[in-house]
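Listing of data-v5.txt, compact mmCIF, C-alpha atoms
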```
# COMPACT_ATOMS: atom_id res chain seq x y z
CA MET A 29 51.59 59.06 173.65
CA VAL A 30 54.55 58.80 171.25
CA SER A 31 56.65 55.67 171.72
CA SER A 32 60.45 55.78 171.64
CA ASP A 33 60.45 53.95 168.29
CA GLN A 34 58.05 56.49 166.77
CA ARG A 35 60.19 59.32 168.09
CA ARG A 36 63.32 57.81 166.56
CA ARG A 37 61.55 57.39 163.22
CA GLN A 38 60.33 61.00 163.38
CA LEU A 39 63.83 62.28 164.12
CA ALA A 40 65.22 60.14 161.30
CA ARG A 41 62.67 61.60 158.86
CA GLU A 42 63.50 65.15 159.94
CA LYS A 43 67.22 64.46 159.51
CA TYR A 44 66.58 63.03 156.04
CA VAL A 45 64.55 66.12 155.05
CA ARG A 46 67.34 68.42 156.23
CA GLN A 47 69.91 66.42 154.27
CA GLN A 48 67.79 66.62 151.12
CA GLN A 49 67.36 70.36 151.55
CA ARG A 50 71.12 70.82 151.89
CA ARG A 51 71.73 68.69 148.79
CA ASP A 52 69.16 70.66 146.80
CA GLN A 53 70.75 73.95 147.90
CA ALA A 54 74.20 72.67 146.94
CA ARG A 55 72.93 71.53 143.52
CA GLN A 56 71.29 74.89 142.87
CA LYS A 57 74.44 76.72 143.89
CA ALA A 58 76.60 74.53 141.64
CA LYS A 59 74.14 74.99 138.76
CA ARG A 60 74.27 78.77 139.09
CA ARG A 61 78.06 78.71 139.26
CA ASN A 62 78.40 76.46 136.22
CA THR A 63 75.95 78.60 134.27
CA VAL A 64 78.07 81.68 134.90
CA ILE A 65 81.28 79.86 134.00
CA ALA A 66 79.84 78.35 130.83
CA ALA A 67 78.36 81.65 129.73
CA SER A 68 81.54 83.57 130.30
CA LEU A 69 84.30 81.25 129.43
CA ALA A 70 83.48 79.44 126.37
CA VAL A 71 87.05 79.57 125.40
CA VAL A 72 90.50 80.62 125.62
CA LEU A 73 93.84 81.87 126.09
CA ALA A 74 96.85 81.50 128.10
CA ALA A 75 98.56 84.24 129.85
CA GLY A 76 101.47 82.48 131.16
CA GLY A 77 100.96 78.91 130.38
CA ALA A 78 98.29 76.66 129.09
CA VAL A 79 95.39 78.60 128.24
CA TYR A 80 92.41 77.06 127.20
CA ALA A 81 90.64 80.18 126.68
CA SER A 82 91.59 80.66 130.17
CA VAL A 83 90.59 84.32 128.18
CA ALA A 84 88.24 83.08 130.33
CA LEU A 85 92.06 82.75 129.29
CA THR A 86 95.25 81.55 130.82
CA GLY A 87 99.01 81.59 130.37
CA GLY A 88 102.12 79.88 131.68
CA ASP A 89 104.53 80.70 134.50
CA ASP A 90 101.69 81.68 136.77
CA LYS A 91 101.91 81.37 140.52
CA LYS A 92 98.59 79.62 140.81
CA SER A 93 97.74 76.46 138.95
CA ASP A 94 93.99 75.80 138.20
CA ASN A 95 93.46 76.66 134.58
CA THR A 96 90.02 78.17 134.20
CA ALA A 97 87.68 75.87 132.33
CA ALA A 98 84.42 76.72 130.72
CA GLY A 99 81.39 74.65 129.97
CA ASP A 100 81.01 72.47 126.89
CA ASN A 101 84.73 71.74 126.64
CA THR A 102 85.57 75.39 126.16
CA THR A 103 87.70 77.46 128.43
CA ALA A 104 88.80 80.97 128.90
CA PRO A 105 92.13 82.66 128.14
CA THR A 106 94.28 80.74 130.63
CA PRO A 107 97.89 79.63 130.65
CA SER A 108 99.13 76.50 132.37
CA ALA A 109 100.62 77.33 135.66
CA SER A 110 104.24 76.81 136.41
CA GLU A 111 105.97 78.22 139.43
CA SER A 112 107.11 81.82 138.98
CA THR A 113 110.15 82.69 141.02
CA ALA A 114 111.52 85.93 139.58
CA PRO A 115 110.31 89.40 140.61
CA GLU A 116 108.52 91.49 138.02
CA PRO A 117 110.73 94.02 136.17
CA ALA A 118 111.57 97.28 137.93
CA MET A 119 109.35 100.15 136.80
CA ALA A 120 111.15 101.86 133.92
CA ILE A 121 108.39 103.55 131.92
CA ASP A 122 106.71 106.94 132.07
CA LYS A 123 103.45 106.21 133.88
CA LYS A 124 101.83 109.30 132.38
CA ALA A 125 102.61 108.40 128.79
CA ALA A 126 100.92 106.44 126.01
CA TYR A 127 102.78 103.58 124.35
CA THR A 128 102.36 101.53 121.21
CA MET A 129 103.15 97.84 120.96
CA SER A 130 103.78 96.84 117.36
CA LEU A 131 103.62 93.16 116.48
CA LYS A 132 104.98 92.43 113.03
CA THR A 133 103.49 89.07 112.01
CA ASN A 134 103.43 86.90 108.92
CA ARG A 135 99.75 87.92 108.61
CA GLY A 136 100.29 91.64 108.86
CA THR A 137 101.27 94.19 111.47
CA VAL A 138 99.14 94.61 114.57
CA ALA A 139 99.55 97.94 116.38
CA ILE A 140 98.23 98.10 119.94
CA ALA A 141 97.69 101.40 121.76
CA MET A 142 98.47 101.17 125.50
CA ASP A 143 97.84 103.66 128.31
CA ALA A 144 100.51 103.46 131.00
CA ALA A 145 98.45 105.56 133.41
CA LYS A 146 95.82 102.82 133.59
CA THR A 147 98.02 99.73 133.34
CA PRO A 148 101.57 100.72 134.36
CA HIS A 149 102.71 97.25 135.46
CA THR A 150 101.40 95.63 132.29
CA VAL A 151 102.90 98.22 129.95
CA ASN A 152 106.19 98.12 131.83
CA SER A 153 106.34 94.34 131.53
CA PHE A 154 105.64 94.38 127.80
CA LYS A 155 108.26 97.07 127.26
CA HIS A 156 110.76 95.02 129.26
CA LEU A 157 110.02 91.83 127.32
CA ALA A 158 109.90 93.47 123.89
CA ASP A 159 113.24 95.18 124.50
CA LYS A 160 114.69 91.71 125.13
CA LYS A 161 113.10 90.46 121.88
CA TYR A 162 111.07 88.01 123.95
CA PHE A 163 108.19 87.85 121.47
CA ASP A 164 110.31 87.60 118.32
CA GLY A 165 109.70 84.32 116.50
CA THR A 166 106.84 83.21 118.77
CA LYS A 167 103.51 81.78 117.62
CA CYS A 168 99.97 82.79 118.51
CA HIS A 169 99.08 79.34 119.72
CA ARG A 170 95.35 79.52 120.30
CA LEU A 171 92.28 80.64 118.38
CA THR A 172 88.76 80.32 119.75
CA THR A 173 85.81 80.72 117.39
CA GLU A 174 82.85 79.76 119.56
CA GLY A 175 81.68 81.10 122.93
CA ILE A 176 84.49 83.61 123.01
CA PHE A 177 86.32 85.09 120.06
CA VAL A 178 90.01 85.52 120.72
CA LEU A 179 93.48 84.87 119.36
CA GLN A 180 95.98 84.14 122.12
CA CYS A 181 99.67 84.94 121.86
CA GLY A 182 102.72 85.67 123.99
CA ASP A 183 103.92 82.15 124.79
CA PRO A 184 107.57 81.55 123.85
CA LYS A 185 106.94 77.78 123.83
CA GLY A 186 104.00 78.08 121.47
CA ASP A 187 101.90 75.51 123.32
CA GLY A 188 100.24 77.57 126.06
CA THR A 189 102.65 76.60 128.83
CA GLY A 190 105.33 79.28 128.55
CA GLY A 191 105.90 82.47 130.46
CA PRO A 192 108.55 84.96 131.60
CA GLY A 193 109.15 83.44 135.03
CA TYR A 194 107.38 86.21 136.92
CA ASN A 195 103.84 87.50 137.41
CA ILE A 196 102.33 90.96 137.26
CA PRO A 197 99.32 92.31 139.18
CA ASP A 198 95.86 92.70 137.67
CA GLU A 199 95.00 96.24 136.59
CA ASN A 200 92.12 98.27 135.14
CA LEU A 201 89.58 95.52 135.88
CA ASP A 202 86.67 97.97 136.18
CA ALA A 203 87.35 99.58 132.80
CA LEU A 204 84.61 97.63 131.01
CA GLY A 205 81.90 98.31 133.54
CA LYS A 206 80.10 96.33 136.20
CA ALA A 207 79.46 92.64 135.66
CA GLY A 208 75.93 91.67 134.71
CA ALA A 209 73.75 89.01 136.29
CA ASP A 210 75.76 86.33 134.49
CA GLY A 211 78.99 87.58 136.06
CA THR A 212 80.47 88.84 132.80
CA VAL A 213 81.25 92.07 130.98
CA THR A 214 81.67 92.63 127.25
CA PHE A 215 85.21 92.81 125.92
CA PRO A 216 84.65 94.76 122.67
CA ALA A 217 86.26 93.69 119.42
CA GLY A 218 89.72 95.22 119.26
CA THR A 219 90.43 94.82 122.99
CA VAL A 220 93.74 93.31 124.07
CA ALA A 221 93.85 91.74 127.53
CA MET A 222 96.07 89.59 129.71
CA ALA A 223 95.48 85.87 129.98
CA ASN A 224 95.74 84.35 133.46
CA THR A 225 95.14 81.13 135.37
CA GLY A 226 91.88 82.31 136.85
CA GLN A 227 93.63 83.41 140.03
CA PRO A 228 94.40 87.05 140.95
CA GLY A 229 97.82 88.36 139.97
CA SER A 230 98.70 85.38 137.77
CA GLY A 231 99.39 87.20 134.48
CA GLY A 232 102.71 86.54 132.75
CA SER A 233 103.43 87.17 129.08
CA GLN A 234 100.39 85.60 127.40
CA PHE A 235 97.68 87.89 126.11
CA PHE A 236 94.65 87.67 123.85
CA LEU A 237 93.32 89.73 120.98
CA VAL A 238 89.52 90.02 120.86
CA TYR A 239 88.31 90.04 117.25
CA LYS A 240 84.56 89.97 118.01
CA ASP A 241 82.63 91.20 121.05
CA THR A 242 83.18 88.62 123.79
CA LYS A 243 81.60 88.16 127.22
CA LEU A 244 84.05 87.20 129.98
CA PRO A 245 84.37 87.77 133.71
CA PRO A 246 86.03 91.14 134.52
CA SER A 247 89.16 89.38 135.74
CA TYR A 248 91.41 89.88 132.72
CA THR A 249 93.44 93.08 132.55
CA PRO A 250 92.35 95.06 129.46
CA PHE A 251 95.47 96.99 128.53
CA GLY A 252 95.29 97.88 124.87
CA THR A 253 93.28 98.50 121.70
CA ILE A 254 94.13 97.13 118.26
CA ASP A 255 94.28 99.48 115.29
CA ALA A 256 91.89 98.96 112.35
CA ALA A 257 94.45 97.25 110.09
CA GLY A 258 95.55 94.93 112.88
CA LEU A 259 91.98 93.98 113.76
CA LYS A 260 91.27 93.17 110.12
CA ALA A 261 94.33 90.91 110.03
CA VAL A 262 93.15 89.02 113.14
CA GLU A 263 89.64 88.71 111.70
CA GLU A 264 91.10 87.11 108.56
CA VAL A 265 92.94 84.56 110.70
CA ALA A 266 89.70 83.81 112.54
CA LYS A 267 87.79 83.33 109.26
CA ALA A 268 90.21 80.58 108.28
CA GLY A 269 89.27 78.74 111.46
CA VAL A 270 91.01 76.28 113.75
CA GLU A 271 93.12 73.32 112.67
CA GLY A 272 91.07 70.19 112.14
CA GLY A 273 87.79 72.09 112.09
CA ALA A 274 87.71 72.48 115.87
CA LYS A 275 86.39 75.57 117.64
CA ASP A 276 89.36 76.03 119.96
CA GLY A 277 92.97 75.27 119.17
CA ALA A 278 95.85 76.25 116.92
CA PRO A 279 94.76 78.60 114.11
CA LYS A 280 94.63 77.03 110.68
CA SER A 281 96.37 80.10 109.30
CA ALA A 282 99.42 79.93 111.53
CA VAL A 283 100.42 83.27 113.07
CA THR A 284 104.04 84.00 113.91
CA ILE A 285 105.18 87.20 115.60
CA GLU A 286 108.31 88.04 113.65
CA SER A 287 109.16 90.97 115.90
CA GLY A 288 107.57 92.87 118.75
CA THR A 289 108.44 96.40 119.86
CA VAL A 290 107.06 98.84 122.42
CA THR A 291 107.62 102.56 121.88
CA LYS A 292 106.53 105.70 123.68
CA LYS A 293 104.28 108.02 121.69
```
Please render this file's structure as structure tokens.
Amino acid sequence: MVSSDQRRRQLAREKYVRQQQRRDQARQKAKRRNTVIAASLAVVLAAGGAVYASVALTGGDDKKSDNTAAGDNTTAPTPSASESTAPEPAMAIDKKAAYTMSLKTNRGTVAIAMDAAKTPHTVNSFKHLADKKYFDGTKCHRLTTEGIFVLQCGDPKGDGTGGPGYNIPDENLDALGKAGADGTVTFPAGTVAMANTGQPGSGGSQFFLVYKDTKLPPSYTPFGTIDAAGLKAVEEVAKAGVEGGAKDGAPKSAVTIESGTVTKK
């Protein structure tokens, strides 16, 4: 016959086993999550604020805060989040047309082909901002040379915390295919995509230029493709590396957008 003390000890052991099982399950879940994040974000950019690759990338003036961070001190293209209060610009483009964004920089001109049919809100926002000379005189504040391979631009403050004061919705997220087992897709060299805070609909004005095939979660709006001359210019900036010999930070060969224009083809 089992005494009351034995029964209590048995129940205590069973409770302990259940607790251990729950802890093990939680550790495994966290390990899988961190593996996906580390594999996909080694970097980044800012889309509306501080981006620490928060390509995974982020940018300033995003509704949500939580910059996306990656493993090993690298993050994705992500801007720092500051409250966005203004509505996005009224639609003023031809949604059936193709557009070109031309960024004249001190390192050469980068021409970006954009398809309004696939990313109307993004193209409309860039047209709106370019017409207001928003990008003129701004710096590409972040270069990442390990984990992900991007140059991040579009922040008027030049430190990853700036944005236009409004957000635009995510678009075209399935363009690069279905995510693999690691939760990422390949952003081919030459792709231009929006940085964000890691939260849906948090894009602002920050964007990143992919100069080498990069694996990231399919949560960054791919809206353009760099021309051959522009890609070569970005590759040259990447070859020079990051200030101080780091893998993520301000490019050693400083990049300034002297003027930015968006025209209909």
One decimal, in Å: what's the spacing between atom CA of Ser287 of chain A and atom CA of Thr147 of chain A?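 Those two atoms sit 22.5 Å apart.
From atom CA of Asp143 of chain A back to atom CA of Pro197 of chain A, the distance works out to 15.8 Å.
With distances restricted to only C-alpha atoms, A:Ser281 is the closest residue to Lys167 of chain A from A:Ser281, A:Asn195, A:Ser230, A:Thr150.
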Exercise: Pro216 of chain A partners within 7 Å, all atoms listed in the file, chain neighbours under 5 positions left out, as a ChimeraX atom specification: /A:240-242
Among listed residues A:Phe236, A:Phe177, A:Phe215, A:Phe251, nearest Gly269 of chain A (using only C-alpha atoms):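 With only C-alpha atoms as the atom set, the closest residue is A:Phe177.
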Go through A:Leu171, A:Val151, A:Met129, A:Ile176 and flag the residue nearest Ile196 of chain A, using only C-alpha atoms for the distances.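 Between A:Leu171, A:Val151, A:Met129, A:Ile176, the residue approaching Ile196 of chain A most closely is A:Val151.
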Just the residues within 12 Å of Ala257 of chain A, please, counting all atoms listed in the file, with nothing from its chain fewer than 6 positions along; format it as a list in words. Ser130, Leu131, Lys132, Arg135, Gly136, Thr137, Val138, Ala139, Ile140, Gly218, Tyr239, Glu263 and Glu264 of chain A
Which residue, A:Phe163, A:Ala217, A:Asn224, A:Pro246, has the smallest gap to Leu204 of chain A when you use only C-alpha atoms?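 Using only C-alpha atoms, Leu204 of chain A sits closest to A:Pro246.
Shortest atom-to-atom contact with Ala268 of chain A among A:Thr173, A:Ala145, A:Gly186, A:Pro245: A:Thr173, counting only C-alpha atoms.
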Could you state the separation of atom CA of Tyr162 of chain A and atom CA of Pro184 of chain A in Å, given to one decimal place?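 Between atom CA of Tyr162 of chain A and atom CA of Pro184 of chain A the gap is 7.3 Å.
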Taking (103.1, 87.5, 133.5) as a centre in this file's frame and 6 Å as the limit, can you find every polymer residue with an atom that close, using only C-alpha atoms, and give them as a VMD selection string? chain A and resid 76 194 to 196 231 to 233
Looking at all atoms listed in the file, which of A:Thr113, A:Thr214, A:Asn134, A:Thr172 is the one that sits closest to Leu237 of chain A? A:Thr172
Centre and edge lengths of an axis-aligned box around all listed atoms of segment 275-288 of chain A, with 8 Å added on each side, are to be given in Å to one decimal, as AutoDock Vina command-line options.
```
--center_x 97.8 --center_y 84.1 --center_z 114.6 --size_x 38.8 --size_y 33.6 --size_z 26.7
```
Residues near Met142 of chain A, anyone? I mean within 6 Å using all atoms listed in the file, not counting same-chain ones fewer than 2 positions away, as a list in words.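 Residues near the query, excluding close chain neighbours: Ala126, Tyr127, Thr128, Phe251 and Gly252 of chain A.
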Could you pull the residues within 6 Å of Val270 of chain A, counting all atoms listed in the file, minus those fewer than 5 positions along the same chain, as a compact mmCIF listing (two decimals) with C-alpha atoms, in the frame of the given file?
```
# COMPACT_ATOMS: atom_id res chain seq x y z
CA GLY A 277 92.97 75.27 119.17
CA ALA A 278 95.85 76.25 116.92
CA PRO A 279 94.76 78.60 114.11
CA LYS A 280 94.63 77.03 110.68
```
Place N, CA, C and O atoms on segment 215-238 of chain A and deliver the coordinates as a PDB file, in the coordinates of the input.
```pdb
ATOM      1  N   PHE A 215      83.914  92.367 126.420  1.00  0.00           N
ATOM      2  CA  PHE A 215      85.210  92.810 125.920  1.00  0.00           C
ATOM      3  C   PHE A 215      84.992  93.122 124.435  1.00  0.00           C
ATOM      4  O   PHE A 215      84.830  92.198 123.623  1.00  0.00           O
ATOM      5  N   PRO A 216      84.959  94.409 124.062  1.00  0.00           N
ATOM      6  CA  PRO A 216      84.650  94.760 122.670  1.00  0.00           C
ATOM      7  C   PRO A 216      85.716  94.264 121.694  1.00  0.00           C
ATOM      8  O   PRO A 216      86.891  94.082 122.060  1.00  0.00           O
ATOM      9  N   ALA A 217      85.304  94.043 120.463  1.00  0.00           N
ATOM     10  CA  ALA A 217      86.260  93.690 119.420  1.00  0.00           C
ATOM     11  C   ALA A 217      87.359  94.748 119.378  1.00  0.00           C
ATOM     12  O   ALA A 217      87.082  95.942 119.467  1.00  0.00           O
ATOM     13  N   GLY A 218      88.600  94.300 119.274  1.00  0.00           N
ATOM     14  CA  GLY A 218      89.720  95.220 119.260  1.00  0.00           C
ATOM     15  C   GLY A 218      90.421  95.336 120.610  1.00  0.00           C
ATOM     16  O   GLY A 218      91.512  95.906 120.711  1.00  0.00           O
ATOM     17  N   THR A 219      89.814  94.775 121.655  1.00  0.00           N
ATOM     18  CA  THR A 219      90.430  94.820 122.990  1.00  0.00           C
ATOM     19  C   THR A 219      91.579  93.827 123.072  1.00  0.00           C
ATOM     20  O   THR A 219      91.519  92.727 122.518  1.00  0.00           O
ATOM     21  N   VAL A 220      92.627  94.215 123.786  1.00  0.00           N
ATOM     22  CA  VAL A 220      93.740  93.310 124.070  1.00  0.00           C
ATOM     23  C   VAL A 220      93.819  93.177 125.587  1.00  0.00           C
ATOM     24  O   VAL A 220      93.817  94.183 126.302  1.00  0.00           O
ATOM     25  N   ALA A 221      93.859  91.956 126.082  1.00  0.00           N
ATOM     26  CA  ALA A 221      93.850  91.740 127.530  1.00  0.00           C
ATOM     27  C   ALA A 221      94.807  90.626 127.912  1.00  0.00           C
ATOM     28  O   ALA A 221      95.213  89.812 127.086  1.00  0.00           O
ATOM     29  N   MET A 222      95.156  90.604 129.203  1.00  0.00           N
ATOM     30  CA  MET A 222      96.070  89.590 129.710  1.00  0.00           C
ATOM     31  C   MET A 222      95.334  88.276 129.961  1.00  0.00           C
ATOM     32  O   MET A 222      94.235  88.248 130.485  1.00  0.00           O
ATOM     33  N   ALA A 223      95.992  87.181 129.605  1.00  0.00           N
ATOM     34  CA  ALA A 223      95.480  85.870 129.980  1.00  0.00           C
ATOM     35  C   ALA A 223      95.974  85.589 131.396  1.00  0.00           C
ATOM     36  O   ALA A 223      96.951  86.176 131.856  1.00  0.00           O
ATOM     37  N   ASN A 224      95.286  84.714 132.111  1.00  0.00           N
ATOM     38  CA  ASN A 224      95.740  84.350 133.460  1.00  0.00           C
ATOM     39  C   ASN A 224      95.215  82.976 133.810  1.00  0.00           C
ATOM     40  O   ASN A 224      94.518  82.346 133.030  1.00  0.00           O
ATOM     41  N   THR A 225      95.550  82.487 134.984  1.00  0.00           N
ATOM     42  CA  THR A 225      95.140  81.130 135.370  1.00  0.00           C
ATOM     43  C   THR A 225      93.781  81.109 136.047  1.00  0.00           C
ATOM     44  O   THR A 225      93.345  80.070 136.513  1.00  0.00           O
ATOM     45  N   GLY A 226      93.137  82.255 136.124  1.00  0.00           N
ATOM     46  CA  GLY A 226      91.880  82.310 136.850  1.00  0.00           C
ATOM     47  C   GLY A 226      92.061  82.764 138.277  1.00  0.00           C
ATOM     48  O   GLY A 226      91.091  82.973 139.003  1.00  0.00           O
ATOM     49  N   GLN A 227      93.311  82.938 138.682  1.00  0.00           N
ATOM     50  CA  GLN A 227      93.630  83.410 140.030  1.00  0.00           C
ATOM     51  C   GLN A 227      94.151  84.840 139.947  1.00  0.00           C
ATOM     52  O   GLN A 227      94.786  85.222 138.961  1.00  0.00           O
ATOM     53  N   PRO A 228      93.919  85.657 140.972  1.00  0.00           N
ATOM     54  CA  PRO A 228      94.400  87.050 140.950  1.00  0.00           C
ATOM     55  C   PRO A 228      95.925  87.121 140.832  1.00  0.00           C
ATOM     56  O   PRO A 228      96.655  86.295 141.389  1.00  0.00           O
ATOM     57  N   GLY A 229      96.381  88.121 140.080  1.00  0.00           N
ATOM     58  CA  GLY A 229      97.820  88.360 139.970  1.00  0.00           C
ATOM     59  C   GLY A 229      98.605  87.236 139.325  1.00  0.00           C
ATOM     60  O   GLY A 229      99.763  87.018 139.664  1.00  0.00           O
ATOM     61  N   SER A 230      98.005  86.516 138.381  1.00  0.00           N
ATOM     62  CA  SER A 230      98.700  85.380 137.770  1.00  0.00           C
ATOM     63  C   SER A 230      99.065  85.622 136.300  1.00  0.00           C
ATOM     64  O   SER A 230      99.381  84.692 135.574  1.00  0.00           O
ATOM     65  N   GLY A 231      99.006  86.893 135.858  1.00  0.00           N
ATOM     66  CA  GLY A 231      99.390  87.200 134.480  1.00  0.00           C
ATOM     67  C   GLY A 231     100.887  87.073 134.278  1.00  0.00           C
ATOM     68  O   GLY A 231     101.678  87.342 135.186  1.00  0.00           O
ATOM     69  N   GLY A 232     101.287  86.667 133.082  1.00  0.00           N
ATOM     70  CA  GLY A 232     102.710  86.540 132.750  1.00  0.00           C
ATOM     71  C   GLY A 232     103.003  87.281 131.460  1.00  0.00           C
ATOM     72  O   GLY A 232     103.057  88.503 131.428  1.00  0.00           O
ATOM     73  N   SER A 233     103.158  86.541 130.375  1.00  0.00           N
ATOM     74  CA  SER A 233     103.430  87.170 129.080  1.00  0.00           C
ATOM     75  C   SER A 233     102.319  86.890 128.066  1.00  0.00           C
ATOM     76  O   SER A 233     102.269  87.514 127.012  1.00  0.00           O
ATOM     77  N   GLN A 234     101.423  85.959 128.363  1.00  0.00           N
ATOM     78  CA  GLN A 234     100.390  85.600 127.400  1.00  0.00           C
ATOM     79  C   GLN A 234      99.244  86.615 127.423  1.00  0.00           C
ATOM     80  O   GLN A 234      98.831  87.089 128.478  1.00  0.00           O
ATOM     81  N   PHE A 235      98.754  86.911 126.252  1.00  0.00           N
ATOM     82  CA  PHE A 235      97.680  87.890 126.110  1.00  0.00           C
ATOM     83  C   PHE A 235      96.762  87.446 124.979  1.00  0.00           C
ATOM     84  O   PHE A 235      97.104  86.568 124.182  1.00  0.00           O
ATOM     85  N   PHE A 236      95.564  88.048 124.925  1.00  0.00           N
ATOM     86  CA  PHE A 236      94.650  87.670 123.850  1.00  0.00           C
ATOM     87  C   PHE A 236      94.085  88.879 123.144  1.00  0.00           C
ATOM     88  O   PHE A 236      93.879  89.932 123.735  1.00  0.00           O
ATOM     89  N   LEU A 237      93.866  88.701 121.851  1.00  0.00           N
ATOM     90  CA  LEU A 237      93.320  89.730 120.980  1.00  0.00           C
ATOM     91  C   LEU A 237      91.866  89.387 120.697  1.00  0.00           C
ATOM     92  O   LEU A 237      91.562  88.311 120.161  1.00  0.00           O
ATOM     93  N   VAL A 238      90.951  90.267 121.064  1.00  0.00           N
ATOM     94  CA  VAL A 238      89.520  90.020 120.860  1.00  0.00           C
ATOM     95  C   VAL A 238      89.136  90.527 119.465  1.00  0.00           C
ATOM     96  O   VAL A 238      89.284  91.717 119.180  1.00  0.00           O
TER      97      VAL A 238
END
```
